[in-house]
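Q: My file is input-v3.cif. It has mmCIF, N, CA and C atoms:
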```
data_target
loop_
_atom_site.label_atom_id
_atom_site.label_comp_id
_atom_site.auth_asym_id
_atom_site.auth_seq_id
_atom_site.Cartn_x
_atom_site.Cartn_y
_atom_site.Cartn_z
N MET A 1 -4.17 -30.02 -32.35
CA MET A 1 -3.99 -30.53 -31.00
C MET A 1 -2.96 -29.70 -30.23
N THR A 2 -1.89 -29.29 -30.91
CA THR A 2 -0.85 -28.49 -30.26
C THR A 2 -1.43 -27.15 -29.80
N GLY A 3 -2.28 -26.56 -30.63
CA GLY A 3 -2.91 -25.28 -30.28
C GLY A 3 -3.75 -25.40 -29.02
N LEU A 4 -4.45 -26.52 -28.88
CA LEU A 4 -5.28 -26.75 -27.70
C LEU A 4 -4.42 -26.87 -26.44
N LEU A 5 -3.28 -27.52 -26.55
CA LEU A 5 -2.36 -27.63 -25.42
C LEU A 5 -1.80 -26.26 -25.02
N ILE A 6 -1.49 -25.44 -26.00
CA ILE A 6 -0.97 -24.10 -25.72
C ILE A 6 -2.03 -23.26 -25.01
N VAL A 7 -3.25 -23.30 -25.50
CA VAL A 7 -4.34 -22.55 -24.88
C VAL A 7 -4.59 -23.06 -23.45
N GLY A 8 -4.59 -24.37 -23.29
CA GLY A 8 -4.78 -24.96 -21.95
C GLY A 8 -3.69 -24.53 -20.99
N GLY A 9 -2.45 -24.53 -21.46
CA GLY A 9 -1.33 -24.09 -20.63
C GLY A 9 -1.45 -22.63 -20.25
N ALA A 10 -1.88 -21.79 -21.19
CA ALA A 10 -2.05 -20.37 -20.91
C ALA A 10 -3.15 -20.15 -19.88
N VAL A 11 -4.23 -20.91 -19.97
CA VAL A 11 -5.32 -20.79 -19.00
C VAL A 11 -4.85 -21.19 -17.61
N VAL A 12 -4.11 -22.27 -17.52
CA VAL A 12 -3.59 -22.73 -16.22
C VAL A 12 -2.65 -21.67 -15.62
N LEU A 13 -1.76 -21.11 -16.42
CA LEU A 13 -0.86 -20.08 -15.93
C LEU A 13 -1.61 -18.83 -15.48
N ALA A 14 -2.61 -18.43 -16.25
CA ALA A 14 -3.40 -17.25 -15.89
C ALA A 14 -4.17 -17.49 -14.60
N LEU A 15 -4.71 -18.66 -14.43
CA LEU A 15 -5.44 -19.01 -13.21
C LEU A 15 -4.49 -19.01 -12.01
N ALA A 16 -3.32 -19.59 -12.15
CA ALA A 16 -2.35 -19.61 -11.05
C ALA A 16 -1.93 -18.20 -10.67
N PHE A 17 -1.68 -17.35 -11.66
CA PHE A 17 -1.29 -15.97 -11.37
C PHE A 17 -2.43 -15.22 -10.69
N GLY A 18 -3.65 -15.42 -11.14
CA GLY A 18 -4.81 -14.77 -10.53
C GLY A 18 -5.00 -15.19 -9.08
N LEU A 19 -4.83 -16.47 -8.79
CA LEU A 19 -4.95 -16.95 -7.42
C LEU A 19 -3.84 -16.38 -6.53
N TYR A 20 -2.63 -16.28 -7.07
CA TYR A 20 -1.53 -15.69 -6.33
C TYR A 20 -1.83 -14.23 -5.99
N ARG A 21 -2.28 -13.47 -6.99
CA ARG A 21 -2.59 -12.04 -6.77
C ARG A 21 -3.72 -11.87 -5.76
N ARG A 22 -4.71 -12.73 -5.85
CA ARG A 22 -5.82 -12.64 -4.90
C ARG A 22 -5.36 -12.90 -3.48
N ALA A 23 -4.42 -13.81 -3.31
CA ALA A 23 -3.92 -14.16 -1.98
C ALA A 23 -2.99 -13.09 -1.41
N THR A 24 -2.30 -12.34 -2.27
CA THR A 24 -1.29 -11.41 -1.76
C THR A 24 -1.70 -9.94 -1.82
N ASP A 25 -2.61 -9.56 -2.68
CA ASP A 25 -2.99 -8.15 -2.80
C ASP A 25 -3.65 -7.64 -1.53
N GLY A 26 -3.25 -6.45 -1.12
CA GLY A 26 -3.85 -5.80 0.03
C GLY A 26 -3.35 -6.28 1.37
N ARG A 27 -2.38 -7.15 1.40
CA ARG A 27 -1.84 -7.67 2.66
C ARG A 27 -0.68 -6.80 3.13
N ALA A 28 -0.64 -6.54 4.41
CA ALA A 28 0.45 -5.75 4.99
C ALA A 28 1.64 -6.67 5.22
N ARG A 29 2.78 -6.24 4.72
CA ARG A 29 4.03 -6.99 4.90
C ARG A 29 5.03 -6.12 5.63
N ALA A 30 5.70 -6.71 6.59
CA ALA A 30 6.73 -5.96 7.32
C ALA A 30 7.87 -5.64 6.37
N VAL A 31 8.46 -4.47 6.55
CA VAL A 31 9.55 -4.01 5.70
C VAL A 31 10.87 -4.38 6.38
N ALA A 32 11.78 -4.99 5.61
CA ALA A 32 13.04 -5.45 6.18
C ALA A 32 14.02 -4.31 6.43
N THR A 33 14.13 -3.40 5.51
CA THR A 33 15.06 -2.28 5.67
C THR A 33 14.28 -1.03 6.05
N ALA A 34 14.61 -0.47 7.19
CA ALA A 34 13.89 0.70 7.69
C ALA A 34 14.37 1.96 6.97
N THR A 35 13.43 2.63 6.33
CA THR A 35 13.69 3.90 5.66
C THR A 35 12.82 4.94 6.34
N ARG A 36 13.34 6.14 6.45
CA ARG A 36 12.62 7.18 7.18
C ARG A 36 12.11 8.24 6.21
N LEU A 37 10.89 8.69 6.47
CA LEU A 37 10.29 9.80 5.75
C LEU A 37 10.02 10.92 6.75
N THR A 38 10.19 12.14 6.33
CA THR A 38 9.93 13.28 7.19
C THR A 38 8.72 14.04 6.69
N ALA A 39 8.24 14.96 7.51
CA ALA A 39 7.14 15.82 7.09
C ALA A 39 7.54 16.63 5.86
N GLY A 40 8.81 17.02 5.78
CA GLY A 40 9.29 17.75 4.61
C GLY A 40 9.26 16.93 3.34
N ASP A 41 9.56 15.63 3.45
CA ASP A 41 9.50 14.73 2.29
C ASP A 41 8.08 14.64 1.75
N LEU A 42 7.10 14.60 2.65
CA LEU A 42 5.71 14.39 2.26
C LEU A 42 4.95 15.68 2.02
N GLY A 43 5.43 16.76 2.61
CA GLY A 43 4.68 18.01 2.51
C GLY A 43 3.45 18.02 3.40
N ALA A 44 3.46 17.17 4.43
CA ALA A 44 2.34 17.07 5.38
C ALA A 44 2.90 16.59 6.72
N ASP A 45 2.18 16.91 7.78
CA ASP A 45 2.59 16.48 9.11
C ASP A 45 2.42 14.98 9.27
N LEU A 46 3.29 14.37 10.08
CA LEU A 46 3.20 12.95 10.38
C LEU A 46 2.33 12.74 11.61
N GLY A 47 1.73 11.58 11.73
CA GLY A 47 0.93 11.24 12.90
C GLY A 47 1.82 10.89 14.07
N ASP A 48 1.33 11.10 15.28
CA ASP A 48 2.10 10.78 16.47
C ASP A 48 2.31 9.27 16.62
N ARG A 49 1.32 8.48 16.25
CA ARG A 49 1.41 7.02 16.36
C ARG A 49 1.76 6.38 15.03
N ALA A 50 1.11 6.84 13.95
CA ALA A 50 1.32 6.22 12.64
C ALA A 50 0.90 7.19 11.54
N THR A 51 1.45 6.95 10.35
CA THR A 51 1.08 7.69 9.16
C THR A 51 0.91 6.69 8.02
N PHE A 52 -0.22 6.80 7.32
CA PHE A 52 -0.45 6.00 6.12
C PHE A 52 -0.09 6.87 4.93
N VAL A 53 0.91 6.45 4.16
CA VAL A 53 1.31 7.18 2.96
C VAL A 53 0.81 6.36 1.77
N GLN A 54 -0.20 6.90 1.08
CA GLN A 54 -0.80 6.21 -0.05
C GLN A 54 -0.31 6.81 -1.35
N PHE A 55 0.30 5.99 -2.20
CA PHE A 55 0.69 6.41 -3.54
C PHE A 55 -0.46 6.05 -4.48
N SER A 56 -0.96 7.04 -5.21
CA SER A 56 -2.08 6.80 -6.10
C SER A 56 -1.99 7.71 -7.32
N THR A 57 -2.86 7.44 -8.29
CA THR A 57 -2.97 8.28 -9.48
C THR A 57 -4.44 8.60 -9.70
N ALA A 58 -4.69 9.56 -10.57
CA ALA A 58 -6.07 9.99 -10.83
C ALA A 58 -6.91 8.90 -11.50
N VAL A 59 -6.30 8.03 -12.26
CA VAL A 59 -7.05 7.02 -13.02
C VAL A 59 -7.13 5.67 -12.31
N CYS A 60 -6.66 5.58 -11.09
CA CYS A 60 -6.62 4.33 -10.34
C CYS A 60 -7.93 4.11 -9.60
N ALA A 61 -8.72 3.12 -10.04
CA ALA A 61 -10.00 2.84 -9.38
C ALA A 61 -9.83 2.26 -7.97
N PRO A 62 -8.92 1.30 -7.74
CA PRO A 62 -8.76 0.78 -6.37
C PRO A 62 -8.23 1.84 -5.39
N CYS A 63 -7.64 2.90 -5.93
CA CYS A 63 -7.11 3.96 -5.06
C CYS A 63 -8.24 4.66 -4.31
N ARG A 64 -9.41 4.78 -4.92
CA ARG A 64 -10.54 5.43 -4.26
C ARG A 64 -11.01 4.60 -3.07
N THR A 65 -11.07 3.30 -3.24
CA THR A 65 -11.44 2.41 -2.14
C THR A 65 -10.41 2.47 -1.03
N THR A 66 -9.14 2.45 -1.41
CA THR A 66 -8.06 2.52 -0.44
C THR A 66 -8.13 3.84 0.34
N ARG A 67 -8.37 4.92 -0.37
CA ARG A 67 -8.49 6.24 0.27
C ARG A 67 -9.59 6.24 1.32
N ALA A 68 -10.72 5.61 1.00
CA ALA A 68 -11.84 5.55 1.94
C ALA A 68 -11.50 4.71 3.17
N VAL A 69 -10.87 3.56 2.97
CA VAL A 69 -10.50 2.68 4.09
C VAL A 69 -9.50 3.37 4.99
N LEU A 70 -8.43 3.91 4.42
CA LEU A 70 -7.39 4.57 5.23
C LEU A 70 -7.93 5.82 5.90
N GLY A 71 -8.76 6.57 5.20
CA GLY A 71 -9.35 7.77 5.79
C GLY A 71 -10.23 7.44 6.98
N ALA A 72 -11.01 6.37 6.89
CA ALA A 72 -11.88 5.97 7.99
C ALA A 72 -11.07 5.52 9.21
N VAL A 73 -10.00 4.76 8.97
CA VAL A 73 -9.15 4.32 10.08
C VAL A 73 -8.46 5.52 10.73
N ALA A 74 -7.95 6.43 9.91
CA ALA A 74 -7.28 7.62 10.45
C ALA A 74 -8.27 8.52 11.19
N ALA A 75 -9.49 8.62 10.70
CA ALA A 75 -10.50 9.45 11.37
C ALA A 75 -10.87 8.89 12.73
N GLY A 76 -10.79 7.59 12.90
CA GLY A 76 -11.11 6.95 14.17
C GLY A 76 -9.98 6.96 15.17
N ASN A 77 -8.82 7.45 14.77
CA ASN A 77 -7.64 7.49 15.65
C ASN A 77 -7.01 8.87 15.54
N ASP A 78 -7.02 9.61 16.63
CA ASP A 78 -6.50 10.98 16.61
C ASP A 78 -5.01 11.05 16.31
N ASP A 79 -4.27 9.99 16.62
CA ASP A 79 -2.82 10.00 16.45
C ASP A 79 -2.36 9.33 15.16
N VAL A 80 -3.29 9.13 14.23
CA VAL A 80 -2.98 8.51 12.94
C VAL A 80 -3.35 9.49 11.82
N VAL A 81 -2.45 9.63 10.83
CA VAL A 81 -2.66 10.55 9.72
C VAL A 81 -2.61 9.77 8.41
N HIS A 82 -3.46 10.16 7.47
CA HIS A 82 -3.45 9.58 6.12
C HIS A 82 -2.98 10.65 5.14
N VAL A 83 -1.90 10.36 4.40
CA VAL A 83 -1.36 11.28 3.40
C VAL A 83 -1.46 10.61 2.04
N ASP A 84 -2.13 11.28 1.11
CA ASP A 84 -2.28 10.76 -0.26
C ASP A 84 -1.24 11.44 -1.14
N VAL A 85 -0.36 10.66 -1.75
CA VAL A 85 0.71 11.17 -2.60
C VAL A 85 0.36 10.88 -4.05
N ASP A 86 0.32 11.92 -4.87
CA ASP A 86 0.09 11.74 -6.31
C ASP A 86 1.39 11.23 -6.93
N ALA A 87 1.37 9.99 -7.37
CA ALA A 87 2.59 9.36 -7.87
C ALA A 87 3.13 10.06 -9.11
N GLU A 88 2.26 10.64 -9.91
CA GLU A 88 2.71 11.30 -11.14
C GLU A 88 3.50 12.57 -10.86
N SER A 89 3.18 13.24 -9.78
CA SER A 89 3.89 14.49 -9.47
C SER A 89 5.02 14.31 -8.47
N ARG A 90 5.12 13.14 -7.84
CA ARG A 90 6.17 12.89 -6.85
C ARG A 90 7.01 11.68 -7.26
N LEU A 91 7.56 11.75 -8.47
CA LEU A 91 8.32 10.62 -9.01
C LEU A 91 9.55 10.28 -8.18
N GLU A 92 10.14 11.27 -7.49
CA GLU A 92 11.32 10.98 -6.67
C GLU A 92 10.97 10.01 -5.54
N LEU A 93 9.77 10.14 -4.96
CA LEU A 93 9.35 9.20 -3.92
C LEU A 93 8.98 7.84 -4.51
N VAL A 94 8.38 7.85 -5.69
CA VAL A 94 8.03 6.60 -6.37
C VAL A 94 9.29 5.78 -6.63
N VAL A 95 10.33 6.42 -7.11
CA VAL A 95 11.59 5.73 -7.39
C VAL A 95 12.25 5.30 -6.08
N ARG A 96 12.28 6.19 -5.10
CA ARG A 96 12.93 5.91 -3.82
C ARG A 96 12.35 4.68 -3.14
N PHE A 97 11.02 4.49 -3.25
CA PHE A 97 10.36 3.38 -2.57
C PHE A 97 9.93 2.27 -3.53
N ASP A 98 10.42 2.31 -4.76
CA ASP A 98 10.18 1.26 -5.74
C ASP A 98 8.69 0.93 -5.87
N VAL A 99 7.88 1.97 -6.05
CA VAL A 99 6.44 1.80 -6.22
C VAL A 99 6.18 1.45 -7.68
N THR A 100 5.66 0.25 -7.91
CA THR A 100 5.40 -0.21 -9.27
C THR A 100 3.92 -0.43 -9.55
N ARG A 101 3.10 -0.46 -8.50
CA ARG A 101 1.65 -0.67 -8.67
C ARG A 101 0.90 0.32 -7.81
N MET A 102 -0.29 0.66 -8.29
CA MET A 102 -1.17 1.54 -7.52
C MET A 102 -2.38 0.75 -7.07
N PRO A 103 -2.85 0.97 -5.87
CA PRO A 103 -2.26 1.78 -4.82
C PRO A 103 -1.17 1.01 -4.08
N THR A 104 -0.20 1.75 -3.58
CA THR A 104 0.79 1.22 -2.65
C THR A 104 0.74 2.09 -1.41
N VAL A 105 0.69 1.45 -0.26
CA VAL A 105 0.60 2.17 1.01
C VAL A 105 1.81 1.82 1.86
N LEU A 106 2.46 2.85 2.38
CA LEU A 106 3.53 2.67 3.35
C LEU A 106 2.98 3.04 4.72
N VAL A 107 3.20 2.19 5.70
CA VAL A 107 2.75 2.47 7.06
C VAL A 107 3.98 2.88 7.86
N LEU A 108 3.97 4.14 8.29
CA LEU A 108 5.08 4.70 9.05
C LEU A 108 4.76 4.69 10.53
N ASP A 109 5.77 4.49 11.36
CA ASP A 109 5.56 4.61 12.79
C ASP A 109 5.62 6.09 13.19
N GLY A 110 5.56 6.38 14.45
CA GLY A 110 5.55 7.76 14.93
C GLY A 110 6.80 8.53 14.61
N ASP A 111 7.91 7.83 14.36
CA ASP A 111 9.17 8.48 14.01
C ASP A 111 9.35 8.65 12.50
N GLY A 112 8.38 8.20 11.71
CA GLY A 112 8.47 8.32 10.27
C GLY A 112 9.21 7.18 9.59
N VAL A 113 9.46 6.10 10.32
CA VAL A 113 10.16 4.94 9.76
C VAL A 113 9.14 4.01 9.12
N VAL A 114 9.40 3.58 7.90
CA VAL A 114 8.50 2.68 7.18
C VAL A 114 8.56 1.30 7.84
N ARG A 115 7.42 0.84 8.33
CA ARG A 115 7.34 -0.46 9.02
C ARG A 115 6.60 -1.52 8.21
N HIS A 116 5.60 -1.10 7.43
CA HIS A 116 4.82 -2.04 6.62
C HIS A 116 4.58 -1.45 5.24
N ARG A 117 4.35 -2.36 4.30
CA ARG A 117 4.04 -1.98 2.92
C ARG A 117 2.84 -2.80 2.47
N ILE A 118 1.87 -2.12 1.86
CA ILE A 118 0.68 -2.79 1.36
C ILE A 118 0.56 -2.45 -0.12
N VAL A 119 0.53 -3.47 -0.96
CA VAL A 119 0.37 -3.27 -2.40
C VAL A 119 -0.99 -3.80 -2.79
N GLY A 120 -1.77 -2.96 -3.46
CA GLY A 120 -3.13 -3.32 -3.81
C GLY A 120 -4.09 -2.73 -2.78
N ALA A 121 -5.37 -2.85 -3.06
CA ALA A 121 -6.38 -2.30 -2.16
C ALA A 121 -6.43 -3.11 -0.86
N PRO A 122 -6.16 -2.46 0.27
CA PRO A 122 -6.12 -3.20 1.54
C PRO A 122 -7.51 -3.42 2.11
N ARG A 123 -7.62 -4.44 2.90
CA ARG A 123 -8.84 -4.67 3.67
C ARG A 123 -8.69 -3.93 5.00
N ARG A 124 -9.79 -3.50 5.56
CA ARG A 124 -9.75 -2.76 6.82
C ARG A 124 -9.04 -3.57 7.91
N ALA A 125 -9.29 -4.87 7.97
CA ALA A 125 -8.67 -5.73 8.98
C ALA A 125 -7.15 -5.73 8.84
N ASP A 126 -6.64 -5.73 7.60
CA ASP A 126 -5.20 -5.72 7.38
C ASP A 126 -4.59 -4.39 7.81
N VAL A 127 -5.31 -3.30 7.55
CA VAL A 127 -4.82 -1.98 7.96
C VAL A 127 -4.78 -1.89 9.48
N LEU A 128 -5.83 -2.37 10.15
CA LEU A 128 -5.86 -2.36 11.60
C LEU A 128 -4.79 -3.27 12.18
N GLY A 129 -4.52 -4.40 11.52
CA GLY A 129 -3.46 -5.30 11.96
C GLY A 129 -2.08 -4.65 11.87
N ALA A 130 -1.82 -3.93 10.78
CA ALA A 130 -0.54 -3.23 10.64
C ALA A 130 -0.41 -2.14 11.69
N LEU A 131 -1.51 -1.46 12.00
CA LEU A 131 -1.51 -0.42 13.01
C LEU A 131 -1.26 -1.04 14.40
N ALA A 132 -1.88 -2.16 14.67
CA ALA A 132 -1.67 -2.84 15.96
C ALA A 132 -0.23 -3.35 16.09
N ALA A 133 0.36 -3.78 14.99
CA ALA A 133 1.74 -4.26 15.03
C ALA A 133 2.72 -3.17 15.42
N LEU A 134 2.38 -1.91 15.15
CA LEU A 134 3.26 -0.81 15.53
C LEU A 134 3.32 -0.65 17.03
N ALA A 135 2.24 -1.01 17.72
CA ALA A 135 2.19 -0.87 19.18
C ALA A 135 2.97 -1.97 19.87
N ALA A 136 3.20 -3.07 19.17
CA ALA A 136 3.89 -4.22 19.79
C ALA A 136 5.37 -4.00 19.90
#
```
Translate the structure described by the file into structure tokens.
A:
Amino acid sequence: MTGLLIVGGAVVLALAFGLYRRATDGRARAVATATRLTAGDLGADLGDRATFVQFSTAVCAPCRTTRAVLGAVAAGNDDVVHVDVDAESRLELVVRFDVTRMPTVLVLDGDGVVRHRIVGAPRRADVLGALAALAA
């Protein structure tokens, strides 16, 4: 009987964690402390309006989906740039921005200041919402 209670408790905890992750993954959250990135930090030019900085690895499956979503949004906006950062080769940026999961996307404004952070594969609507928030 005790074993059944332990298994039941583990299932409930796993379900609660799964529901939490489903509700929070891919959502754009405003960043409280403004940190600035430059073109020199990234090794690529910044966008005039916004820059999407995607941290990814070669073995990350959701990173491919994220790359496609961010690339499509950037392609539709001349003043938006998408920069893909290989987390394995740029560990100093991974540590600096406390990247613990792939993909992680930082949304920079035109001055290179981090305004939003997205952890997990974002939805197109969330990316467009973060982009619209920069204009406000």
Q: Might you spell out which residues the PyMOL selection byres ((chain A and resi 53) around 6) would select in the displayed file, as number ranges by chain?
A: A: 51-52, 54-55, 82-85, 104-108
Q: Write a file of the selected residues as an mmCIF file, in the frame of the given file, keeping N, CA and C atoms.
A:
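Result file part-v6.cif:
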```
data_model
loop_
_atom_site.group_PDB
_atom_site.id
_atom_site.type_symbol
_atom_site.label_atom_id
_atom_site.label_comp_id
_atom_site.auth_asym_id
_atom_site.auth_seq_id
_atom_site.Cartn_x
_atom_site.Cartn_y
_atom_site.Cartn_z
ATOM 1 N N THR A 51 1.450 6.950 10.350
ATOM 2 C CA THR A 51 1.080 7.690 9.160
ATOM 3 C C THR A 51 0.910 6.690 8.020
ATOM 4 N N PHE A 52 -0.220 6.800 7.320
ATOM 5 C CA PHE A 52 -0.450 6.000 6.120
ATOM 6 C C PHE A 52 -0.090 6.870 4.930
ATOM 7 N N GLN A 54 -0.200 6.900 1.080
ATOM 8 C CA GLN A 54 -0.800 6.210 -0.050
ATOM 9 C C GLN A 54 -0.310 6.810 -1.350
ATOM 10 N N PHE A 55 0.300 5.990 -2.200
ATOM 11 C CA PHE A 55 0.690 6.410 -3.540
ATOM 12 C C PHE A 55 -0.460 6.050 -4.480
ATOM 13 N N HIS A 82 -3.460 10.160 7.470
ATOM 14 C CA HIS A 82 -3.450 9.580 6.120
ATOM 15 C C HIS A 82 -2.980 10.650 5.140
ATOM 16 N N VAL A 83 -1.900 10.360 4.400
ATOM 17 C CA VAL A 83 -1.360 11.280 3.400
ATOM 18 C C VAL A 83 -1.460 10.610 2.040
ATOM 19 N N ASP A 84 -2.130 11.280 1.110
ATOM 20 C CA ASP A 84 -2.280 10.760 -0.260
ATOM 21 C C ASP A 84 -1.240 11.440 -1.140
ATOM 22 N N VAL A 85 -0.360 10.660 -1.750
ATOM 23 C CA VAL A 85 0.710 11.170 -2.600
ATOM 24 C C VAL A 85 0.360 10.880 -4.050
ATOM 25 N N THR A 104 -0.200 1.750 -3.580
ATOM 26 C CA THR A 104 0.790 1.220 -2.650
ATOM 27 C C THR A 104 0.740 2.090 -1.410
ATOM 28 N N VAL A 105 0.690 1.450 -0.260
ATOM 29 C CA VAL A 105 0.600 2.170 1.010
ATOM 30 C C VAL A 105 1.810 1.820 1.860
ATOM 31 N N LEU A 106 2.460 2.850 2.380
ATOM 32 C CA LEU A 106 3.530 2.670 3.350
ATOM 33 C C LEU A 106 2.980 3.040 4.720
ATOM 34 N N VAL A 107 3.200 2.190 5.700
ATOM 35 C CA VAL A 107 2.750 2.470 7.060
ATOM 36 C C VAL A 107 3.980 2.880 7.860
ATOM 37 N N LEU A 108 3.970 4.140 8.290
ATOM 38 C CA LEU A 108 5.080 4.700 9.050
ATOM 39 C C LEU A 108 4.760 4.690 10.530
#
```
Q: Quick one: everything within 9 Å of stretch 28-45 of chain A, counting only C-alpha atoms, minus sequence neighbours fewer than 4 positions away in the same chain. Send it as a PyMOL selection string.
A: chain A and resi 24+51+53+81+83+85+93+97+105+107-108+111-119+122+126-127+129-130
Q: Determine the nearest neighbour of A:Leu131 from the options A:Ala50, A:Thr2, A:Gly9, A:Asp25, counting all atoms listed in the file.
A: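 Using all atoms listed in the file, A:Leu131 sits closest to A:Ala50.
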Q: Go through A:Val69, A:Gly110, A:Ala75, A:Asp98 and flag the residue nearest A:Gly26, using only C-alpha atoms for the distances.
A: A:Val69
Q: Pick out the residues sitting within 7 Å of stretch 61-63 of chain A, and hand them over as a PyMOL selection string; count only C-alpha atoms, and ignore anything fewer than 4 positions along from it in its own chain.
A: chain A and resi 56+67+102-103+121
Q: As number ranges by chain, please: every residue in chain A that a backbone DSSP assignment puts in strand (DSSP E or B).
A: A: 28-30, 36, 50-56, 80-86, 104-109, 113-119
Q: Grab the atom C of A:Gly120 to atom N of A:Thr66 distance for me, in Å with one decimal place.
A: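 So the two atoms, atom C of A:Gly120 and atom N of A:Thr66, lie 7.4 Å apart.
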Q: Between atom CA of A:Glu88 and atom CA of A:Thr57, measure the distance and give it in Å to one decimal.
A: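 Atom CA of A:Glu88 sits 6.6 Å away from atom CA of A:Thr57.
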Q: Name the residues of chain A that fall into helix (DSSP H, G or I) according to DSSP on the backbone, using the chain letters and numbers of this document, as number ranges by chain.
A: A: 2-24, 39-42, 61-75, 91-96, 124-135
Q: In terms of the shortest atom-to-atom distance over all atoms listed in the file, which of A:Arg21, A:Ala74, A:Arg49, A:Gly8 is closest to A:Leu134?
A: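 The shortest atom-to-atom distance to A:Leu134 comes from A:Arg49.
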Q: Report the distance between atom CA of A:Glu92 and atom C of A:Arg124 in Å, rounded to one decimal place.
A: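 Distance reported for this atom pair: 29.0 Å.
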Q: Please enclose the listed atoms of stretch 36-52 of chain A in an axis-aligned box, pad each side by 5 Å, and write out the centre and the three edge lengths in Å, rounded to one decimal, as AutoDock Vina command-line options.
A:
```
--center_x 6.4 --center_y 12.0 --center_z 9.2 --size_x 23.8 --size_y 22.0 --size_z 24.9
```
Q: Ranking A:Leu91, A:Ala133, A:Ala16, A:Leu128 by minimum distance to A:Asn77 and counting only C-alpha atoms, which one comes first?
A: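 Under the stated criterion, the closest residue is A:Leu128.
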